[in-house]
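Enquirer: Below is the structure I would like to discuss, written out as structure tokens.
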Amino acid sequence: MQVQKETKKKNLYDYQLEDLNRIFKEIDKLPEGGNLLYQLPTGGGKTVIFSEITRRYIEQTGKKVVVLTHRIELSGQTSKMLHGFGVPNKVINSDVKEHIDQDEFQCFVAMVETLNNRLQEEKVVLNNVGLVIIDEAHYNSFRKLFKFFEKANILGVTATPLSSNIKLPMKDNYKKLIIGESIKSLIKRGFLAKANLYNFDVSLRGLKLGMHGDYTVKSSDELYSNQSMLGKLVTAYEEVAKGTKTLIFNNGISTSYYVYETFKKAGYNVRHLDNKNTAAERKEILEWFANTPDAILSSVSILTTGFDEPSVKSIILNRATRSLTLYFQMIGRGSRVMENKKDFNVIDMGNNIARFGPWDEAVDWQEIFHFPDFYLENIKNDEDIERDFVYEMPEDLKAKFSKSENIHFDIKAEYKKVFAEGGKSKIVLERSIAQHAQICVENSEDVFDARILAKELKDEIQFRVRQYSYCIMNNTKNYKEWLEEDYERKLRSHISKMFAARM
């Protein structure tokens with residue numbers, strides 16, 4: 001009777017019930033050892049659904065269920081949710097050293113590494129297991145356990161059915177994919193908050209790809225730890241998210257510390273968290289974050305899964321990634337709805353929105369699942385993304401050129417004009433330099449002021465040079481860097497000549 005009473009505490013939404021029934025129909029069709037994959041966006045209630053699946057499966061078949069997670073925190077959260085559905089369960093953690101009572105529990109929750117070690121050592125034996133549920137199934141660490149459950153059916157659950165290892169596609173382990181409700185639909189129905197997307201164009205030419213297909217921590221630290229990027233980050237925060245509870249994702253610990261110091265120096269309420277913090281430190285920091293309305297938390301990796309703080313109002317992607325899964329996981333941390341929260345901010349400092357598309361845009365998960373190589377090969381590259389950049393001069397810098405009637409110069413339009421005139425392409429940069437010199441001189445008292453002003457045009461110079469290099473189809477890194485240096489030198493010279501002519 002107690003089990004039935006506890007079960008009534010949990011009510012599934014209609015879309016969750018619909019998906020649950022679809023999953024059960026497919027499980028009924030599966031042969032012994034067959035498997036199935038289920039996709040539902042972060043925040044859609046995957047744990048709720050598979051907890052009810054566990055309850056019904058045990059009730060209908062009398063067989064045991066094993067739920068696998070990849071982090072110890074997720075094991076605890078999953079166990080708690082199962083209890084809420086009236087499913088007594090045993091967590092197999094590092095404290096479980098010897099055989100467990102097979103008859104006392106019908107459900108077991110375990111972290112992959114711990115269970116693998118216990119099964120390898122034959123310290124734990126699980127009999128009569130009919131169903132294995134794998135949470136965050138896109139991680140590949142689960143594969144090592146499949147051999148221990150050859151007669152059981154396997155249900156993988158993920159928000160993104162794309163393997164974390166490009167060499168080990170999910171279609172090799174799961175024969176069918178069931179697609180759940182879309183992000184757009186969940187927003188429309190009030191189950192997820194709407195994302196207000198803000199994209200700040202960033203040149204990623206210094207980033208390097210590692211062997212797993214994503215940007216290396218070292219190259220990310222070098223780019224995102226420099227003063228220019230840190231300044232852009234603070235400006236972006238102040239423009240969009242100032243005063244809101246903000247979660248910042250970084251690729252490297254070094255970057256996160258720089259971010260922490262920069263915001264602290266600027267007088268903001270900020271903390272840093274990474275996987276080197278102790279459990280006690282993490283608990284204290286997360287409690288502070290939960291209870292502080294204007295808190296800024298700079299983090300590395302650790303909060304992409306198993307972290308649920310609905311009061312987060314702003315997410316900052318202070319990194320670039322080529323992982324679709326990570327992109328959805330990071331933004332998903334802000335998508336929880338609350339009574340006084342129907343939307344949230346996403347500040348992108350890594351061109352991720354341009355690379356993957358808006359967070360709530362429709363995704364063909366079936367195609368990605370069945371043809372992952374094709375999808376990965378066609379992810380928009382950085383050069384193509386940067387080709388579409390449009391430079392917007394910051395308002396505070398624009399104010400320094402208030403004496404000039406026009407501060408704009410269109411490299412592409414000028415190139416077409418010069419080409420039509422039959423002139424040499426270098427004339428385009430000469431005219432650009434002349435225009436930059438003109439506005440610097442117009443807004444300065446002397447040559448020294450003008451040269452200081454010219455230094456503040458570094459970002460626009462970089463943008464103009466990049467546009468020019470696309471026009472002449474010479475886009476190598478060394479050539480662009482040489483062009484920038486040459487541009488700055490000629491600009492200084494041009495300014496000096498203009499003041500000399502005045503004299």
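As shown in the structure tokens, the chain order sets the letters A, B, ...; within each chain, residues go from 1, and ligands are also counted from 1 in the order they appear.
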Find the residues around region 355-358 of chain A up to 9 Å (only C-alpha atoms counted), leave out those fewer than 3 positions away in its own chain, and share them as a ChimeraX atom specification.
Expert: /A:197,321-322,324,327,351-352,361-362,379-382,385
Enquirer: For region 135-150 of chain A, work out the shell of residues within 7 Å, counting only C-alpha atoms and skipping chain neighbours fewer than 6 positions away, then give it as a PyMOL selection string.
Expert: chain A and resi 33+68-69+112+116+156-158+161-165
Enquirer: I'd like the neighbourhood of Lys276 (chain A) as a list in words, where a residue qualifies if any of its atoms comes within 12 Å (using only C-alpha atoms), though same-chain residues fewer than 5 positions away should be ignored.
Expert: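 Those residues are Ile253, Glu281, Arg282, Ser299, Val300, Ser301 and Ile302 of chain A.
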Enquirer: Would you write out those residues with N, CA and C atoms, as a PDB file, in the first residue's frame?
Expert:
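Everything below was put into result_25.pdb:
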ATOM      1  N   ILE A 253      40.466  25.817 -16.772  1.00  0.00           N
ATOM      2  CA  ILE A 253      40.486  26.313 -15.388  1.00  0.00           C
ATOM      3  C   ILE A 253      41.192  27.662 -15.310  1.00  0.00           C
ATOM      4  N   GLU A 281      33.396  22.026  -0.605  1.00  0.00           N
ATOM      5  CA  GLU A 281      33.530  23.340  -1.255  1.00  0.00           C
ATOM      6  C   GLU A 281      32.455  23.525  -2.310  1.00  0.00           C
ATOM      7  N   ARG A 282      32.243  22.477  -3.101  1.00  0.00           N
ATOM      8  CA  ARG A 282      31.228  22.554  -4.153  1.00  0.00           C
ATOM      9  C   ARG A 282      29.842  22.802  -3.545  1.00  0.00           C
ATOM     10  N   SER A 299      32.541  28.648 -14.201  1.00  0.00           N
ATOM     11  CA  SER A 299      32.736  27.208 -14.020  1.00  0.00           C
ATOM     12  C   SER A 299      33.462  26.567 -15.196  1.00  0.00           C
ATOM     13  N   VAL A 300      33.934  25.352 -14.963  1.00  0.00           N
ATOM     14  CA  VAL A 300      34.605  24.562 -16.003  1.00  0.00           C
ATOM     15  C   VAL A 300      34.031  23.147 -15.991  1.00  0.00           C
ATOM     16  N   SER A 301      33.357  22.746 -17.053  1.00  0.00           N
ATOM     17  CA  SER A 301      32.884  21.373 -17.288  1.00  0.00           C
ATOM     18  C   SER A 301      31.859  20.848 -16.294  1.00  0.00           C
ATOM     19  N   ILE A 302      32.063  21.102 -15.027  1.00  0.00           N
ATOM     20  CA  ILE A 302      31.389  20.358 -13.966  1.00  0.00           C
ATOM     21  C   ILE A 302      29.864  20.532 -13.913  1.00  0.00           C
TER      22      ILE A 302
END
Enquirer: What gap, in Å, lies between CA of Lys497 (chain A) and CA of Tyr415 (chain A)?
Expert: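 Between CA of Lys497 (chain A) and CA of Tyr415 (chain A) the gap is 25.2 Å.
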Enquirer: Would you kindly return, as a ChimeraX atom specification, each protein, DNA or RNA residue with an atom no farther than 10 Å from any atom of Glu309 (chain A), considering only C-alpha atoms and excluding same-chain residues fewer than 4 positions away?
Expert: /A:286,289-290,313,333-336
Enquirer: Compare A:Thr235, A:Asn127, A:Thr78, A:Thr255 by their minimum atom-to-atom distance to Lys90 (chain A), counting only C-alpha atoms, and give me the closest one.
Expert: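 Checking each candidate against Lys90 (chain A), we get A:Thr78 as the closest.
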